[in-house]
Structures are given as structure tokens and as C-alpha cells.
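Text of the file coords00.cif, holding mmCIF, C-alpha atoms and all ligand atoms:
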```cif
data_target
#
loop_
_atom_site.label_atom_id
_atom_site.label_comp_id
_atom_site.auth_asym_id
_atom_site.auth_seq_id
_atom_site.Cartn_x
_atom_site.Cartn_y
_atom_site.Cartn_z
CA MET A 1 6.78 -35.85 9.57
CA PHE A 2 9.91 -35.76 11.69
CA ASN A 3 11.82 -38.65 10.09
CA THR A 4 15.46 -37.88 9.46
CA HIS A 5 16.14 -37.73 5.76
CA ASP A 6 18.94 -36.80 3.36
CA SER A 7 16.67 -34.99 0.96
CA LEU A 8 13.41 -33.07 1.29
CA TRP A 9 11.01 -31.79 -1.35
CA ILE A 10 8.89 -28.73 -0.47
CA HIS A 11 5.85 -29.02 -2.68
CA GLN A 12 3.86 -25.99 -3.86
CA ALA A 13 5.12 -23.01 -1.95
CA HIS A 14 5.26 -19.35 -2.93
CA LEU A 15 8.56 -17.50 -2.98
CA VAL A 16 8.73 -13.72 -2.49
CA GLY A 17 10.45 -12.18 -5.52
CA ASP A 18 12.74 -9.13 -5.28
CA GLN A 19 9.87 -6.86 -6.28
CA GLY A 20 7.54 -8.58 -3.81
CA GLN A 21 5.77 -10.68 -6.44
CA LEU A 22 4.70 -14.15 -5.26
CA GLN A 23 6.15 -16.96 -7.37
CA PRO A 24 4.74 -20.49 -7.15
CA CYS A 25 7.54 -23.05 -6.91
CA HIS A 26 8.85 -26.27 -5.43
CA VAL A 27 12.15 -26.41 -3.58
CA GLY A 28 14.43 -29.43 -3.37
CA ILE A 29 16.87 -29.80 -0.48
CA ARG A 30 19.85 -32.18 -0.37
CA ASP A 31 22.41 -32.54 2.42
CA GLY A 32 21.04 -29.49 4.18
CA LYS A 33 21.42 -27.18 1.18
CA ILE A 34 19.01 -25.79 -1.39
CA ALA A 35 19.52 -28.03 -4.42
CA GLU A 36 16.81 -26.79 -6.77
CA ILE A 37 14.07 -24.19 -7.08
CA THR A 38 11.71 -25.26 -9.84
CA ILE A 39 8.19 -25.35 -11.21
CA GLU A 40 8.62 -28.96 -12.38
CA ASP A 41 7.28 -31.70 -10.15
CA ARG A 42 10.36 -33.77 -9.33
CA ARG A 43 9.26 -35.00 -5.92
CA SER A 44 9.92 -38.63 -6.75
CA ALA A 45 13.65 -37.88 -6.66
CA TYR A 46 13.48 -36.97 -2.93
CA ASP A 47 13.29 -39.01 0.31
CA GLN A 48 10.56 -36.94 1.91
CA VAL A 49 7.84 -34.65 0.60
CA LEU A 50 6.43 -31.70 2.54
CA ASP A 51 3.11 -30.34 1.25
CA ALA A 52 3.47 -26.55 1.54
CA GLN A 53 -0.18 -25.89 0.64
CA GLY A 54 0.67 -22.66 -1.17
CA TRP A 55 2.18 -21.07 1.97
CA LEU A 56 4.90 -18.43 1.69
CA LEU A 57 8.43 -19.80 1.80
CA LEU A 58 10.86 -17.33 3.37
CA PRO A 59 14.51 -17.58 4.36
CA GLY A 60 14.73 -18.40 8.07
CA VAL A 61 14.89 -15.32 10.27
CA ILE A 62 18.30 -14.36 11.68
CA ASP A 63 17.77 -12.63 15.02
CA ALA A 64 21.02 -10.76 15.51
CA GLN A 65 20.39 -9.58 19.07
CA VAL A 66 19.12 -11.91 21.79
CA HIS A 67 19.78 -12.58 25.49
CA PHE A 68 19.22 -16.29 26.15
CA ARG A 69 20.43 -16.22 29.78
CA GLU A 70 22.46 -19.44 29.83
CA PRO A 71 24.67 -19.96 31.75
CA GLY A 72 23.71 -18.57 35.09
CA LEU A 73 20.26 -17.03 34.65
CA GLU A 74 18.33 -20.13 33.58
CA HIS A 75 15.36 -19.24 35.76
CA LYS A 76 14.50 -16.68 33.05
CA GLU A 77 15.39 -18.66 29.92
CA ASP A 78 17.85 -21.27 28.67
CA LEU A 79 19.27 -22.20 25.29
CA HIS A 80 16.78 -25.01 24.86
CA THR A 81 13.59 -23.09 25.69
CA ALA A 82 14.82 -20.07 23.76
CA SER A 83 15.60 -22.19 20.71
CA ARG A 84 12.09 -23.70 20.83
CA ALA A 85 10.73 -20.15 20.87
CA CYS A 86 12.96 -19.44 17.86
CA ALA A 87 11.69 -22.52 16.00
CA ARG A 88 8.08 -21.53 16.65
CA GLY A 89 8.81 -18.00 15.47
CA GLY A 90 10.65 -18.98 12.28
CA VAL A 91 14.00 -17.83 13.68
CA THR A 92 16.61 -20.31 12.40
CA SER A 93 19.75 -18.51 13.63
CA PHE A 94 20.53 -16.21 16.52
CA LEU A 95 23.40 -14.06 17.78
CA GLU A 96 23.49 -14.04 21.55
CA MET A 97 24.75 -11.39 23.98
CA PRO A 98 27.49 -11.76 26.62
CA ASN A 99 25.64 -10.64 29.80
CA THR A 100 25.23 -14.15 31.17
CA ARG A 101 26.81 -15.49 34.42
CA PRO A 102 29.71 -15.82 34.02
CA LEU A 103 30.03 -13.06 31.44
CA THR A 104 31.19 -14.15 27.98
CA ILE A 105 34.50 -12.32 27.97
CA ASP A 106 37.18 -14.86 27.04
CA GLN A 107 37.74 -18.08 25.08
CA ALA A 108 36.72 -20.37 27.95
CA THR A 109 33.33 -18.70 28.50
CA LEU A 110 32.72 -18.57 24.74
CA ASP A 111 33.61 -22.27 24.35
CA ASP A 112 31.25 -23.12 27.20
CA LYS A 113 28.35 -21.40 25.42
CA LEU A 114 29.19 -23.08 22.12
CA GLN A 115 29.17 -26.48 23.82
CA ARG A 116 25.89 -25.84 25.59
CA ALA A 117 24.28 -24.66 22.34
CA ALA A 118 25.57 -27.72 20.46
CA GLN A 119 23.83 -29.92 23.04
CA LYS A 120 20.60 -27.98 23.42
CA SER A 121 19.80 -25.57 20.61
CA LEU A 122 17.28 -26.54 17.94
CA VAL A 123 18.48 -23.66 15.74
CA ASN A 124 21.83 -22.22 14.62
CA TYR A 125 23.83 -20.01 16.94
CA GLY A 126 26.58 -17.44 17.24
CA PHE A 127 27.85 -15.52 20.26
CA PHE A 128 29.23 -12.07 21.00
CA ILE A 129 32.33 -11.48 23.10
CA GLY A 130 31.71 -8.79 25.71
CA ALA A 131 34.08 -5.85 26.14
CA THR A 132 35.34 -4.95 29.60
CA ARG A 133 38.04 -2.49 30.56
CA TYR A 134 40.59 -5.30 30.85
CA ASN A 135 40.05 -7.86 28.02
CA LEU A 136 41.29 -5.99 24.93
CA GLU A 137 43.48 -8.86 23.69
CA GLU A 138 40.78 -11.51 24.05
CA LEU A 139 38.33 -9.29 22.18
CA ASN A 140 40.36 -9.68 19.02
CA ARG A 141 41.60 -13.23 19.57
CA VAL A 142 38.64 -15.45 20.53
CA GLN A 143 37.01 -17.62 17.86
CA PRO A 144 34.39 -18.03 16.56
CA THR A 145 32.45 -14.87 17.36
CA CYS A 146 30.11 -12.57 15.46
CA GLY A 147 31.69 -9.53 17.06
CA ILE A 148 32.49 -7.44 20.11
CA LYS A 149 29.62 -6.12 22.23
CA ILE A 150 30.11 -2.86 24.11
CA PHE A 151 27.57 -1.67 26.63
CA MET A 152 28.29 2.09 26.73
CA GLY A 153 25.47 2.42 29.27
CA SER A 154 22.55 0.52 30.84
CA MET A 155 24.75 -2.17 32.34
CA HIS A 156 26.53 -2.63 35.64
CA GLY A 157 29.68 -4.43 36.58
CA ASP A 158 32.43 -5.42 34.22
CA LEU A 159 30.44 -5.14 30.98
CA LEU A 160 29.97 -1.40 31.39
CA VAL A 161 32.53 0.44 29.25
CA ASP A 162 31.79 4.14 29.57
CA ASP A 163 35.30 5.52 29.92
CA PRO A 164 36.13 7.37 26.65
CA GLU A 165 39.80 6.32 26.86
CA VAL A 166 38.94 2.63 27.13
CA LEU A 167 36.41 2.98 24.32
CA GLU A 168 39.01 4.66 22.14
CA ARG A 169 41.50 1.84 22.77
CA ILE A 170 38.91 -0.79 21.78
CA PHE A 171 38.05 1.03 18.55
CA ALA A 172 41.74 1.57 17.77
CA THR A 173 42.74 -2.08 18.23
CA GLY A 174 41.80 -4.84 15.79
CA LYS A 175 39.34 -5.10 12.93
CA ARG A 176 36.41 -7.06 14.27
CA LEU A 177 32.85 -5.73 14.15
CA ILE A 178 31.93 -3.70 17.24
CA ALA A 179 28.25 -3.66 18.21
CA VAL A 180 27.25 -0.93 20.67
CA HIS A 181 24.44 -0.45 23.12
CA ALA A 182 24.55 3.34 22.88
CA GLU A 183 23.34 5.15 25.98
CA ASN A 184 25.40 7.69 27.94
CA HIS A 185 25.82 6.15 31.38
CA GLN A 186 26.91 9.35 33.11
CA ARG A 187 23.84 11.23 31.95
CA ILE A 188 21.59 8.39 33.11
CA LEU A 189 23.17 8.49 36.59
CA GLU A 190 22.59 12.25 36.83
CA ARG A 191 19.00 11.98 35.69
CA ARG A 192 18.30 9.23 38.24
CA GLN A 193 19.01 11.85 40.93
CA GLN A 194 16.96 14.46 39.13
CA PHE A 195 13.88 12.22 38.87
CA ALA A 196 14.27 10.60 42.31
CA GLN A 197 10.94 12.00 43.52
CA GLU A 198 9.04 10.74 40.47
CA LEU A 199 9.87 7.05 40.46
CA HIS A 200 6.21 6.14 40.98
CA ARG A 201 5.31 7.64 37.57
CA PRO A 202 4.77 4.71 35.14
CA ASP A 203 6.78 6.29 32.30
CA VAL A 204 9.63 7.79 34.33
CA HIS A 205 12.11 5.25 32.87
CA SER A 206 11.88 6.93 29.46
CA ASP A 207 12.65 10.30 31.07
CA ILE A 208 15.64 9.05 33.03
CA GLN A 209 17.20 7.21 30.07
CA ASP A 210 16.20 9.97 27.68
CA GLU A 211 16.73 10.54 23.98
CA ILE A 212 19.78 12.76 24.59
CA ALA A 213 21.51 9.93 26.51
CA ALA A 214 21.00 7.73 23.44
CA LEU A 215 22.06 10.41 20.96
CA GLN A 216 25.24 11.32 22.83
CA ALA A 217 26.47 7.73 22.95
CA THR A 218 25.59 7.11 19.30
CA GLU A 219 27.51 10.26 18.35
CA LEU A 220 30.57 9.10 20.27
CA ALA A 221 30.50 5.60 18.73
CA VAL A 222 30.16 7.02 15.21
CA GLN A 223 32.98 9.49 15.83
CA LEU A 224 35.31 6.68 16.99
CA SER A 225 34.26 4.43 14.12
CA ILE A 226 35.08 7.15 11.59
CA LYS A 227 38.36 8.07 13.28
CA TYR A 228 39.62 4.46 13.19
CA GLN A 229 37.59 3.30 10.16
CA ARG A 230 36.31 0.57 12.43
CA ARG A 231 33.32 -1.60 11.48
CA LEU A 232 30.48 -0.48 13.76
CA HIS A 233 26.99 -1.80 14.30
CA ILE A 234 24.54 0.29 16.34
CA LEU A 235 22.10 -1.93 18.19
CA HIS A 236 18.42 -1.12 18.78
CA LEU A 237 18.19 2.47 17.62
CA SER A 238 15.36 4.14 19.51
CA THR A 239 15.12 7.85 18.75
CA ALA A 240 14.28 10.23 15.91
CA LEU A 241 17.30 12.31 16.95
CA GLU A 242 19.63 9.38 16.24
CA VAL A 243 18.00 8.71 12.85
CA GLU A 244 18.52 12.34 11.90
CA PHE A 245 22.11 12.33 13.11
CA LEU A 246 22.88 9.09 11.24
CA ARG A 247 21.25 10.38 8.07
CA GLN A 248 24.04 13.00 8.05
CA HIS A 249 26.96 11.01 9.44
CA LYS A 250 26.57 7.30 8.67
CA CYS A 251 29.33 5.91 6.47
CA PRO A 252 29.59 2.61 4.54
CA TRP A 253 31.16 0.58 7.36
CA ILE A 254 28.41 1.48 9.85
CA THR A 255 25.17 -0.53 10.10
CA VAL A 256 22.13 0.14 12.26
CA GLU A 257 19.31 -1.97 13.69
CA VAL A 258 15.85 -1.36 15.16
CA THR A 259 13.56 -3.66 17.19
CA PRO A 260 9.85 -4.28 16.51
CA GLN A 261 9.00 -2.78 19.90
CA HIS A 262 10.69 0.54 19.09
CA LEU A 263 8.64 0.70 15.89
CA LEU A 264 5.32 -0.53 17.27
CA LEU A 265 5.19 0.48 20.95
CA ASN A 266 5.73 3.84 22.66
CA ARG A 267 5.54 5.43 26.09
CA SER A 268 1.80 4.91 26.29
CA ALA A 269 2.56 1.18 26.74
CA TYR A 270 3.64 1.77 30.37
CA PHE A 271 0.03 2.64 31.20
CA THR A 272 -1.27 -0.71 29.95
CA LEU A 273 1.72 -3.03 30.43
CA GLY A 274 3.42 -1.45 33.44
CA SER A 275 7.01 -2.61 33.82
CA LEU A 276 6.56 -5.20 31.04
CA ALA A 277 7.13 -2.19 28.78
CA GLN A 278 10.41 -1.33 30.49
CA MET A 279 13.48 -1.95 28.38
CA ASN A 280 16.81 -0.37 27.50
CA PRO A 281 16.95 1.78 25.51
CA PRO A 282 13.43 2.74 26.58
CA LEU A 283 10.31 3.07 24.47
CA ARG A 284 9.92 6.60 23.12
CA THR A 285 7.12 8.68 21.53
CA PRO A 286 4.84 8.12 18.52
CA HIS A 287 7.01 10.67 16.67
CA ASP A 288 10.07 8.46 17.29
CA ASN A 289 8.10 5.44 15.98
CA GLU A 290 7.38 7.33 12.77
CA VAL A 291 10.92 8.54 12.19
CA LEU A 292 12.34 5.06 12.91
CA TRP A 293 9.96 3.62 10.29
CA GLN A 294 11.12 6.30 7.89
CA GLY A 295 14.78 5.49 8.63
CA LEU A 296 14.14 1.81 8.01
CA GLN A 297 12.33 2.55 4.76
CA ASP A 298 15.06 4.77 3.40
CA GLY A 299 18.02 2.65 4.53
CA VAL A 300 19.46 4.73 7.38
CA ILE A 301 18.47 1.68 9.45
CA ASP A 302 19.70 -1.51 7.80
CA PHE A 303 17.80 -4.32 9.48
CA MET A 304 15.83 -5.54 12.50
CA ALA A 305 16.52 -7.68 15.60
CA THR A 306 14.43 -8.33 18.70
CA ASP A 307 16.73 -7.82 21.72
CA HIS A 308 14.83 -10.81 23.21
CA ALA A 309 15.53 -10.16 26.92
CA PRO A 310 13.26 -12.30 29.11
CA HIS A 311 12.65 -11.71 32.82
CA THR A 312 10.17 -13.54 35.02
CA LEU A 313 6.84 -11.94 35.88
CA ALA A 314 7.89 -11.95 39.55
CA GLU A 315 11.03 -9.98 38.71
CA LYS A 316 9.04 -7.57 36.58
CA ALA A 317 6.57 -7.05 39.45
CA ARG A 318 9.23 -5.40 41.65
CA PRO A 319 8.70 -1.65 42.05
CA TYR A 320 10.72 0.60 39.72
CA PRO A 321 13.73 0.94 39.56
CA ASP A 322 14.20 -2.63 40.85
CA SER A 323 12.09 -4.05 38.02
CA PRO A 324 14.53 -5.30 35.36
CA SER A 325 14.56 -3.95 31.79
CA GLY A 326 13.86 -6.18 28.82
CA MET A 327 11.13 -8.09 27.00
CA PRO A 328 10.97 -11.33 25.01
CA GLY A 329 10.62 -11.18 21.23
CA VAL A 330 11.84 -14.06 19.07
CA GLU A 331 8.45 -15.77 18.83
CA THR A 332 6.49 -12.76 17.67
CA PHE A 333 9.15 -11.13 15.44
CA LEU A 334 8.17 -12.53 12.04
CA PRO A 335 4.36 -12.50 12.50
CA LEU A 336 4.52 -8.90 13.80
CA MET A 337 6.37 -7.78 10.69
CA LEU A 338 4.32 -9.88 8.27
CA THR A 339 1.24 -8.28 9.81
CA GLN A 340 2.78 -4.87 9.10
CA ALA A 341 3.35 -6.00 5.50
CA LYS A 342 -0.26 -7.15 5.30
CA LYS A 343 -1.38 -3.70 6.47
CA GLY A 344 0.74 -2.11 3.73
CA ARG A 345 3.24 -0.51 6.11
CA CYS A 346 6.10 -2.31 4.34
CA THR A 347 6.49 -4.98 1.66
CA LEU A 348 7.12 -8.71 1.97
CA ALA A 349 10.42 -8.20 0.14
CA GLN A 350 11.45 -5.66 2.81
CA VAL A 351 10.56 -8.08 5.62
CA VAL A 352 12.85 -10.69 4.00
CA GLN A 353 15.65 -8.12 3.68
CA TRP A 354 15.29 -6.74 7.22
CA LEU A 355 14.91 -10.06 9.06
CA SER A 356 17.16 -12.38 7.03
CA THR A 357 19.26 -11.06 4.16
CA LYS A 358 20.68 -7.88 5.69
CA PRO A 359 21.61 -9.31 9.10
CA ALA A 360 23.45 -12.15 7.32
CA GLN A 361 25.34 -9.58 5.22
CA ALA A 362 26.10 -7.25 8.13
CA TYR A 363 27.66 -10.01 10.24
CA GLY A 364 29.22 -11.86 7.30
CA ILE A 365 27.28 -15.03 8.12
CA VAL A 366 28.33 -17.60 5.57
CA ASN A 367 25.70 -19.15 3.26
CA LYS A 368 22.59 -17.81 4.97
CA GLY A 369 19.89 -15.18 4.62
CA LYS A 370 18.59 -16.04 1.12
CA ILE A 371 16.71 -18.70 -0.75
CA ALA A 372 19.23 -19.45 -3.49
CA LEU A 373 20.97 -22.51 -4.89
CA GLY A 374 23.71 -23.80 -2.60
CA TYR A 375 22.54 -21.74 0.39
CA ASP A 376 21.79 -23.51 3.68
CA ALA A 377 18.22 -24.81 3.84
CA ASP A 378 17.15 -22.67 6.82
CA LEU A 379 13.58 -21.89 5.85
CA VAL A 380 10.19 -20.98 7.18
CA LEU A 381 6.75 -21.57 5.69
CA VAL A 382 4.12 -19.08 6.83
CA ASP A 383 0.39 -18.84 6.32
CA TRP A 384 -0.11 -15.19 5.46
CA GLU A 385 -3.90 -15.51 5.34
CA HIS A 386 -4.57 -17.01 8.75
CA GLU A 387 -4.93 -14.62 11.70
CA GLN A 388 -4.30 -15.68 15.27
CA PRO A 389 -3.75 -13.73 18.49
CA VAL A 390 -0.56 -13.90 20.55
CA ARG A 391 -1.64 -16.25 23.35
CA ARG A 392 0.31 -16.60 26.57
CA GLU A 393 -0.37 -20.34 26.84
CA GLU A 394 1.27 -21.00 23.48
CA LEU A 395 4.51 -19.16 24.21
CA GLN A 396 7.65 -21.26 24.37
CA THR A 397 9.88 -18.68 26.07
CA LYS A 398 10.47 -19.68 29.69
CA CYS A 399 9.46 -16.25 30.98
CA GLY A 400 5.92 -17.01 29.79
CA TRP A 401 4.71 -13.56 28.68
CA SER A 402 4.86 -11.21 25.73
CA PRO A 403 4.26 -7.46 25.46
CA PHE A 404 2.19 -8.29 22.37
CA GLU A 405 -0.31 -10.64 24.04
CA GLY A 406 -3.73 -10.26 22.46
CA TRP A 407 -2.38 -8.70 19.24
CA VAL A 408 -3.98 -10.46 16.30
CA LEU A 409 -1.21 -11.35 13.87
CA THR A 410 -1.02 -12.99 10.49
CA GLY A 411 1.93 -14.90 9.05
CA TRP A 412 2.54 -17.35 11.88
CA PRO A 413 5.10 -20.00 10.96
CA GLN A 414 3.55 -23.33 10.02
CA VAL A 415 6.84 -25.11 9.39
CA THR A 416 10.42 -24.20 10.30
CA ILE A 417 13.36 -25.97 8.68
CA VAL A 418 16.93 -25.85 10.01
CA GLY A 419 19.73 -27.29 7.89
CA GLY A 420 17.19 -29.16 5.76
CA GLN A 421 15.48 -30.83 8.78
CA ILE A 422 11.94 -29.97 9.86
CA VAL A 423 12.27 -28.65 13.42
CA TYR A 424 8.76 -27.22 13.88
CA TYR A 425 5.50 -28.30 12.30
CA GLN A 426 2.20 -26.67 13.30
CA GLY A 427 2.73 -26.61 17.04
CA GLN A 428 4.96 -29.70 17.28
CA PHE A 429 8.70 -29.72 17.77
CA ASN A 430 11.29 -32.14 16.47
CA GLU A 431 13.56 -32.44 19.48
CA ALA A 432 16.06 -34.52 17.49
CA VAL A 433 17.22 -31.53 15.44
CA ARG A 434 20.25 -29.53 16.51
CA GLY A 435 21.48 -26.25 15.06
CA LYS A 436 25.07 -25.61 14.09
CA PRO A 437 27.56 -22.87 14.96
CA LEU A 438 27.36 -20.01 12.47
CA GLN A 439 30.42 -19.24 10.41
CA PHE A 440 31.54 -15.66 9.97
CA GLN A 441 33.62 -14.23 7.14
CA ALA A 442 36.89 -12.83 8.47
O1 LIG B 501 16.27 -4.01 28.11
C1 LIG B 501 17.33 -4.59 28.04
N1 LIG B 501 17.51 -5.77 28.67
N2 LIG B 501 18.34 -4.04 27.37
C2 LIG B 501 19.59 -4.56 27.40
O2 LIG B 501 20.47 -4.03 26.77
C3 LIG B 501 19.88 -5.74 28.24
C4 LIG B 501 18.67 -6.55 28.40
C5 LIG B 501 18.81 -7.67 29.38
O3 LIG B 501 19.78 -8.40 29.31
O4 LIG B 501 17.89 -7.85 30.18
#
```
In C-alpha cells, what does this structure look like?
Amino acid sequence: MFNTHDSLWIHQAHLVGDQGQLQPCHVGIRDGKIAEITIEDRRSAYDQVLDAQGWLLLPGVIDAQVHFREPGLEHKEDLHTASRACARGGVTSFLEMPNTRPLTIDQATLDDKLQRAAQKSLVNYGFFIGATRYNLEELNRVQPTCGIKIFMGSMHGDLLVDDPEVLERIFATGKRLIAVHAENHQRILERRQQFAQELHRPDVHSDIQDEIAALQATELAVQLSIKYQRRLHILHLSTALEVEFLRQHKCPWITVEVTPQHLLLNRSAYFTLGSLAQMNPPLRTPHDNEVLWQGLQDGVIDFMATDHAPHTLAEKARPYPDSPSGMPGVETFLPLMLTQAKKGRCTLAQVVQWLSTKPAQAYGIVNKGKIALGYDADLVLVDWEHEQPVRREELQTKCGWSPFEGWVLTGWPQVTIVGGQIVYYQGQFNEAVRGKPLQFQA
């Protein structure tokens, strides 16, 4: 199954049409690209044949927000383990965040990550450059990068940029995409004092980092983006208030993302998961879940990403507020959303748009996000009929847990293909495959 080959024939799959209709087809791949999509049996013209058994063939997922912890925090995750989790989850490309050790804030630290990924990653990769108060020139100079990440709150040390003057200078200088983690740091600090006597309460985190903290930072980022006509992406939107604000004020150069956990989990999760439910921005209420779904359905929210942010169980077991924020996600992303499609909450065509096509468009990722002639053969075959629970022992992420353990999901990847090579096949990994650096349109 894992022979290297120049050409691959995927026999008898189903494509998801634009209107969600399932179309039987075969797909031919040559030199890592999609060479034909056909109903004729032309398998004899190819080196290797993969029997797709009628499974759904989807474009590989592009997870545009992950924290893979290398270098410096490899006890939680590294680029190899994370990329195995990606392969198992049908994620064929990722965009990774700069809060590693050292921080990714200049060309040398970016080059180091690119080299490590070239050696270790089974899937394709791109990296953000992190904004500090002192690296304005590097932000616009380093190559290649998917964009500038600003933590407006929820971060300590050099990556925290909460000073309005510094923020204004970053928005005013250069053209590159700016992606923001929008929470008002000052408000969070004040509310930590206010809630100091209630830290034992399981859901206090959502009160400290409240919806107003998120709204205020989102408002500021949008205001700066409009003032300087600067390309802005708002990461992991979490509140109904932000959806309503963006419905009024979003303009064509602003895009917005939501995570599965902000759609599917809410504050009640603290009472079952404890600090495993703790993340930034925090989980909100069922009302927020509903309005986020609505925003995604009507296009206020453009696409989805996981914010895969693994921490060890020992770290998570520390008492709040010493328990770190974040949860893993790449492995469960696609099955969670295909299960939602199965339940009728969204369509298969929307899942393809939200997990592959739109993130590729938003970040200008060249040649990815669609199943079309000439596009890169980053693909995933899923069995949409077979149900299976999320099981801890099967997880590939180094942290070894998931907030979705026990959830019965359908649409687990059976085969994942990166650049025309089979990297994952029903529980087995092809360790010979390596991803490539993503290319971004200027
Ligand atoms: O919950 C989170 N964890 N949110 C972030 O923005 C950072 C992340 C992490 O790196 O652990």
C-alpha cells in the first residue's frame, strides 16, 4: 500500500458536488497533482490503484490555527506527533502559531521551524510570525509566512501586544494578513481581581475572560483594519456579541473563523471535563453556540480551524488558574463536522468549504483546498456510514486526551493522501512521506 509511485488511481469514490450531491467517480493523480476526474475506468494507465470502496473523497483539511509546540515545548507535542494526528484526522496542511520557545518572531526562528517541519512533518505546513512591540520590520520582511499573529490578550511575555499605539503601528505598516487573538487584556486583569475569591468555581474562567473582553478587542481590531484597509483575520470567534457586531461592521477584507469546540461545547463542559474544557477564548453559553452556528451558516463567519493547543494531563491537573488553557483538535475536526452534516446541522458541501476551500482562499494558499484538475493531490477518503467513538488509546497527539472522548462520530478518515502519496491508511502510517512548505500568494 505504501509503495512510492509517480501515479495513483483512486478507484470508485464519491465526490461532493457544489449542491451537496454525491457523484461517483475515479480520480487519477500524476506527479502529486490531480490529473483526471472521470467515470471511465482508466486504471491501467496508473502505477498504483487504491480501491476507494465508494467512500467520500474530500479535499484534505487545512487547519489554519494550530499550536504544535516545537521547538521548546516538545513534552506536550512535536511536529512529528502532531503531523501524525493530522494524517489520522484528514488534515493535509496546517498553519502553526508562534508561541513556541523560542518565539517565532524573526527570520532565524521561522527558518528553524521550516527546517524541522521539512524533516519531521508528514503533512504540509506554514507558519505565522508573531508580533511583539519591537519586531515591526521583521513582521513585514520574513518569508515565507501565512501572516502576522497578534495576541491582543491571553498571552504573557513578548507576544502580548495590548498597547493601542503599538497595535496601530502594526496595522499601519505593511500589507500582510494580520490574524488576531481578540481578548482585551486589561479587562481580563481587572476581572481576575474581581473574581479572586471564586477561583474554585469550575466555570470561573469564562467569567474572568468574559464576552465583553472578546467583543472589545474584536471591535478595536476591526476599527484598525477599516482605518488602514488592512487585511484582517479574526481567530476563534467565541461570542454572540461578536457575531452581531461583525454582521454590522465586517468588510470584504476581513475574514472570521470559529472552532468546533465553540460550536459544540459550552460552559457546562467544565462540570464534566474540569480544566480540560479550559481554553482561550473560553467556552461560552448555549446561546453563543447557536448564534455562532447562525453566523457560520450565513457567512459572517468564513471558515473553521481547531486551535489545536495540547497540554499534558499533569499540567491540566494543576488548580486554576495555574492549569493551562487549550485543547487538542486536529484528529477530531473532520469527523466532528461530518457527524454534524450527518445530523443535518450543515451540509457536506459546507464542511468542504469551511474546512478546506475557504481557509485556502483566506490565506492565499496556492493550489489547494479543492478537488480540481491541476490542484495538489491532498485528499482524504472518509467512510460516512461507519460510526466509531473517539478513543483515547487511538489518539496520535502526544498529550493523549481529547475533550471529545466517548463522542460517537461518523466520517473517520480511512485514507489520507498528501501530494499524491498515501500517508495514512486505516490506522497505519507511511512514515516515508513528508509534507511541503505551503506557498502563499503575495
Ligand atoms: O487556549 C489557548 N491555548 N488559546 C491560545 O490562544 C493559546 C493556546 C496555547 O498555546 O496553549
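Take the candidates A:Leu22, A:Gly126, A:Asp106, A:Glu70 and check each one against Glu138 of chain A using only C-alpha atoms; the shortest distance goes to A:Asp106.
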Around all the atoms of ligand LIG 501 (chain B) listed in the file, with 5 Å of room on each side, what axis-aligned box do you get, giving centre and edge lengths in Å to one decimal, as JSON?
```
{"center_x": 18.4, "center_y": -6.2, "center_z": 28.5, "size_x": 14.2, "size_y": 14.4, "size_z": 13.4}
```
One decimal, Å: what's the distance from atom CA of Phe404 of chain A over to atom CA of Leu237 of chain A, could you say?
19.9 Å
Considering all atoms listed in the file, tabulate each residue of segment 259-283 of chain A that lies at most 9 Å from segment 398-403 of chain A along with its nearest interatomic pair and the corresponding distance in Å to one decimal; arrange the rows by chain and ascending residue number and present them as a tab-separated table.
```
residue	atom	partner	partner_atom	distance
A:Gln261	CA	A:Pro403	CA	8.7
A:Ala269	CA	A:Pro403	CA	8.9
A:Leu273	CA	A:Pro403	CA	7.1
A:Leu276	CA	A:Pro403	CA	6.4
A:Ala277	CA	A:Pro403	CA	6.9
```
Those same residues - C-alpha atoms - I'd like them written as a PDB file, keeping the file's coordinate frame.
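The new file part_24.pdb reads:
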```pdb
ATOM      1  CA  GLN A 261       9.000  -2.780  19.900  1.00  0.00           C
ATOM      2  CA  ALA A 269       2.560   1.180  26.740  1.00  0.00           C
ATOM      3  CA  LEU A 273       1.720  -3.030  30.430  1.00  0.00           C
ATOM      4  CA  LEU A 276       6.560  -5.200  31.040  1.00  0.00           C
ATOM      5  CA  ALA A 277       7.130  -2.190  28.780  1.00  0.00           C
TER       6      ALA A 277
END
```
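Nearest-residue note for Thr4 of chain A: choosing from A:Leu199, A:Val433, A:Ala35, A:Ala52, the minimum distance belongs to A:Val433, counting only C-alpha atoms.
Distances to ligand LIG 501 (chain B) were evaluated for A:Gly435, A:Pro281, A:Gly374, A:Pro389 using only C-alpha atoms and all ligand atoms, and the minimum falls at A:Pro281.
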Pick from A:Val382, A:Ala182, A:Leu57, A:Val330, whichever lies nearest to Gln209 of chain A using all atoms listed in the file
A:Ala182
In Å to one decimal, how far is atom CA of Pro102 of chain A from atom CA of Glu431 of chain A?
27.4 Å
Neighbours of ligand LIG 501 (chain B) within 8 Å, counting only C-alpha atoms and all ligand atoms, as number ranges by chain?
A: 67, 69, 97, 99, 151, 154-155, 181, 278-282, 307-311, 324-327
Preceding selection exported with C-alpha atoms as a compact mmCIF listing (two decimals), in the frame of the given file:
```txt
# COMPACT_ATOMS: atom_id res chain seq x y z
CA HIS A 67 19.78 -12.58 25.49
CA ARG A 69 20.43 -16.22 29.78
CA MET A 97 24.75 -11.39 23.98
CA ASN A 99 25.64 -10.64 29.80
CA PHE A 151 27.57 -1.67 26.63
CA SER A 154 22.55 0.52 30.84
CA MET A 155 24.75 -2.17 32.34
CA HIS A 181 24.44 -0.45 23.12
CA GLN A 278 10.41 -1.33 30.49
CA MET A 279 13.48 -1.95 28.38
CA ASN A 280 16.81 -0.37 27.50
CA PRO A 281 16.95 1.78 25.51
CA PRO A 282 13.43 2.74 26.58
CA ASP A 307 16.73 -7.82 21.72
CA HIS A 308 14.83 -10.81 23.21
CA ALA A 309 15.53 -10.16 26.92
CA PRO A 310 13.26 -12.30 29.11
CA HIS A 311 12.65 -11.71 32.82
CA PRO A 324 14.53 -5.30 35.36
CA SER A 325 14.56 -3.95 31.79
CA GLY A 326 13.86 -6.18 28.82
CA MET A 327 11.13 -8.09 27.00
```
Please provide as number ranges by chain all residues within 12 Å of Tyr363 of chain A, with the sequence filter that same-chain residues fewer than 2 positions apart are discarded (counting all atoms listed in the file).
A: 62-65, 94-95, 126-128, 145-148, 176-179, 231-233, 253-256, 302-303, 356-361, 365-369, 438-442
Nearby residues (all atoms listed in the file) at most 9 Å from segment 16-18 of chain A, same-chain spacing under 2 positions excluded, as a ChimeraX atom specification
/A:14,20-23,56-58,348-350,352
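Reported to one decimal place, the separation of atom CA of Gln388 of chain A from atom CA of His11 of chain A is 24.6 Å.
When all atoms listed in the file are used to compute distances to Gln12 of chain A, the closest of the residues A:Leu103, A:Leu246, A:Ile208, A:Ile39 turns out to be A:Ile39.
Proximity of A:Gln421, A:Ser93, A:Asn184, A:Ser275 to His205 of chain A, computed with all atoms listed in the file, is greatest for A:Ser275.
Those residues that approach Leu50 of chain A to within 12 Å, counting all atoms listed in the file, are A:Met1, A:Phe2, A:Asn3, A:His5, A:Ser7, A:Leu8, A:Trp9, A:Ile10, A:His11, A:Gln12, A:Ala13, A:His26, A:Val27, A:Gly28, A:Ile29, A:Arg43, A:Leu381, A:Gln414, A:Val415, A:Thr416, A:Ile417, A:Gly420, A:Gln421, A:Ile422, A:Tyr425; same-chain residues fewer than 6 positions away are not listed.
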